[in-house]
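Asker: Pasting a structure here, questions to come.
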Amino acid sequence: MPVRTPLPRRSALLLGPLLLSAGLARPAFAAYPDRPVRLIVAYAAGGTGDLVGRLVGEGLAARLGVPVVVENQGGAGGAIAARAVSRAAPDGHTIMLAGNAIFAILPHLANVGFDPVKDFTAIANISESQRLLAVRNTLPVNTLAELVAYGKRNPGKLNYGSAGIGSTLHVMTEMFRREAGFDAVHIPFRGSAPAVQAMLGGDVDFMIDTGVIQHAQQGRLRGLAAVGDRRLPQFPDLPTLAEQGFPNVRTSGWQALMGPANMPREVVTLLAGHVEAMLREPTFLDRLSRVGVVPSFRSPEQLAGDLAEDTRQFGAIIRTAGISAE
């Protein structure tokens, strides 16, 4: 048995080594993994993305039989983490957990130092965000169709809030309102929470966000459409944007495992298989739900397709709308 060099102490989470799971053992094609795996999380410690990364790291450590070191590399909108991974050796020992905004939006707003499609290998999608399009209760609309009609009758009168210029939900909302064919003024805030509070106070007409869900449940806001690939469990009778006539609006906000370009196919398949197995385990699913995300497995091929399409569509809307990070 090879002797493993002890890891240095660090603030990142050290997971494992743990026993191999019965379902997926080490492949015979190579000694992968032959040392600890670095899982770079493109978010600061303590947030939802960080918690998801640590859960995934723990699950991978149990299956790979080596430690999985979770390293938080937040900053620059995720570009720091993405650059580090894009320049790592493509042997599967450095991977990352990140959301689609880092790949599909950020490169269109700044010189990030990587190509979102060419410099990465898609491994597996893990989760998607729960989002709702909601309006303030005092706005005289009760359905999505009525919101669109109101916007068309009153060009430029409506406004919408977001977590900031160039944020995922800014671009998604701009995509929706352009597809719907009405004008609205964008009001950027320094985060989702103040935007939601402004909407509760009547200063914002509508927005797409996760934070509006609980307020819509309590009747403080009015939900008009689920935003994503499926209906929200909190509102099972509320159709998605696609179901209400907007199938071309890219609304999925996903978190996935990515690696450097040119990773061995066998390694990608192995890691994707482990993720798929984790997303079938009731205990793992329960832990994911507690941090507020919806599990959503997509294969390497499906994830690569989503990445390419998000990059294309988000880039187009950013250029058309003249969205700038400055």
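Convention: chains lettered A, B, ... in structure tokens order; per-chain residue numbering from 1; ligands numbered from 1 as shown.
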Could you build a table of the residues in range 100-180 of chain A lying no more than 8 Å from range 271-284 of chain A, giving for each the nearest pair of atoms and their separation in Å rounded to one decimal place, using only C-alpha atoms, ordered by chain and ascending residue number, as JSON lines?
Answerer:
{"residue": "A:Ile123", "atom": "CA", "partner": "A:Ala272", "partner_atom": "CA", "distance": 5.8}
{"residue": "A:Ala124", "atom": "CA", "partner": "A:Ala272", "partner_atom": "CA", "distance": 5.2}
{"residue": "A:Ile126", "atom": "CA", "partner": "A:Val275", "partner_atom": "CA", "distance": 7.2}
Asker: Put those residues in a file: all heavy atoms, as a PDB file, in the first residue's frame.
Answerer:
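Final output, selection35.pdb:
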ATOM      1  N   ILE A 123     -18.510  18.113 -15.733  1.00  0.00           N
ATOM      2  CA  ILE A 123     -18.515  16.821 -15.044  1.00  0.00           C
ATOM      3  C   ILE A 123     -19.937  16.384 -14.703  1.00  0.00           C
ATOM      4  O   ILE A 123     -20.386  15.331 -15.149  1.00  0.00           O
ATOM      5  CB  ILE A 123     -17.645  16.873 -13.768  1.00  0.00           C
ATOM      6  CG1 ILE A 123     -16.196  17.183 -14.143  1.00  0.00           C
ATOM      7  CG2 ILE A 123     -17.738  15.550 -12.993  1.00  0.00           C
ATOM      8  CD1 ILE A 123     -15.282  17.405 -12.955  1.00  0.00           C
ATOM      9  N   ALA A 124     -20.642  17.171 -13.903  1.00  0.00           N
ATOM     10  CA  ALA A 124     -22.011  16.803 -13.535  1.00  0.00           C
ATOM     11  C   ALA A 124     -22.721  17.970 -12.897  1.00  0.00           C
ATOM     12  O   ALA A 124     -22.141  18.695 -12.092  1.00  0.00           O
ATOM     13  CB  ALA A 124     -22.018  15.608 -12.574  1.00  0.00           C
ATOM     14  N   ILE A 126     -25.368  19.381 -10.229  1.00  0.00           N
ATOM     15  CA  ILE A 126     -25.743  18.917  -8.897  1.00  0.00           C
ATOM     16  C   ILE A 126     -27.087  19.466  -8.463  1.00  0.00           C
ATOM     17  O   ILE A 126     -27.929  18.733  -7.936  1.00  0.00           O
ATOM     18  CB  ILE A 126     -24.662  19.308  -7.867  1.00  0.00           C
ATOM     19  CG1 ILE A 126     -23.359  18.585  -8.195  1.00  0.00           C
ATOM     20  CG2 ILE A 126     -25.119  18.994  -6.435  1.00  0.00           C
ATOM     21  CD1 ILE A 126     -22.169  19.098  -7.421  1.00  0.00           C
TER      22      ILE A 126
END
Asker: Can you pull out every residue within 10 Å of Pro300 in chain A, counting only C-alpha atoms, but drop anything in the same chain fewer than 6 positions away, and send it as a list in words?
Answerer: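 Neighbouring residues, sequence-local ones excluded: Thr121, Ala122, Ile123, Ala124, Asn125, Ala256, Leu257, Met258, Arg265, Val268, Thr269, Leu271, Ala272 and Asp306 of chain A.
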Asker: List the neighbours of Gly211 in chain A out to 9 Å using only C-alpha atoms; skip same-chain residues closer than 2 positions along the sequence, and give me the result as a PyMOL selection string.
Answerer: chain A and resi 131-132+192-193+196+208-209+213-215
Asker: List every residue of range 104-212 of chain A that has an atom at most 8 Å from any atom of range 81-97 of chain A, giving for each one its closest atom pair and the distance in Å to one decimal, counting only C-alpha atoms, sorted by chain and then by ascending residue number, as CSV.
Answerer:
residue,atom,partner,partner_atom,distance
A:Val112,CA,A:Arg83,CA,7.7
A:Gly113,CA,A:Arg83,CA,6.6
A:Phe114,CA,A:Arg83,CA,6.2
A:Asp119,CA,A:Ser86,CA,5.6
A:Phe120,CA,A:Ser86,CA,6.1
Asker: If you run DSSP on the backbone, which residues of range 139-312 of chain A are helix (DSSP H, G or I), as an NGL selection string?
Answerer: :A and (144-153 or 168-180 or 192-200 or 212-217 or 242-244 or 265-278 or 282-290 or 300-312)
Asker: Just want the 6 Å neighbourhood of range 42-44 of chain A, counted on only C-alpha atoms, with same-chain residues fewer than 4 positions away dropped. Output as a PyMOL selection string.
Answerer: chain A and resi 50+72-74+78+81+98
Asker: Measuring between only C-alpha atoms, which one of A:Gly53, A:Glu71, A:Gly99, A:Val204 shows the shortest distance to Glu128 in chain A?
Answerer: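 Result for the nearest residue to Glu128 in chain A: A:Gly99.
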Asker: Apply DSSP to the backbone of this structure and, from range 161-256 of chain A, keep only the residues in strand (DSSP E or B); write these as a ChimeraX atom specification.
Answerer: /A:161-162,185-188,206-209,221-227,240,254-256
Asker: I'd like the contact shell of Gly77 in chain A - 12 Å cut-off, only C-alpha atoms, skipping same-chain residues fewer than 6 positions apart - returned as a PyMOL selection string.
Answerer: chain A and resi 41-44+83+98-107+109-112+164+166-168+325
Asker: Just want the 10 Å neighbourhood of range 224-235 of chain A, counted on only C-alpha atoms, with same-chain residues fewer than 5 positions away dropped. Output as a PyMOL selection string.
Answerer: chain A and resi 128-135+141-147+172+206+208-210+213-214+216-217+240-244+247+249-254+294+296
Asker: From the set A:Gly191, A:Gly245, A:Gly202, A:Pro155, which residue has the shortest atom-to-atom contact distance to Leu139 in chain A, counting only C-alpha atoms?
Answerer: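 Nearest to Leu139 in chain A: A:Gly202.
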Asker: Record the distance separating CA of Arg298 in chain A and CA of Tyr32 in chain A, expressed in Å with one decimal.
Answerer: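 Atom-to-atom, CA of Arg298 in chain A and CA of Tyr32 in chain A are spaced 22.7 Å apart.
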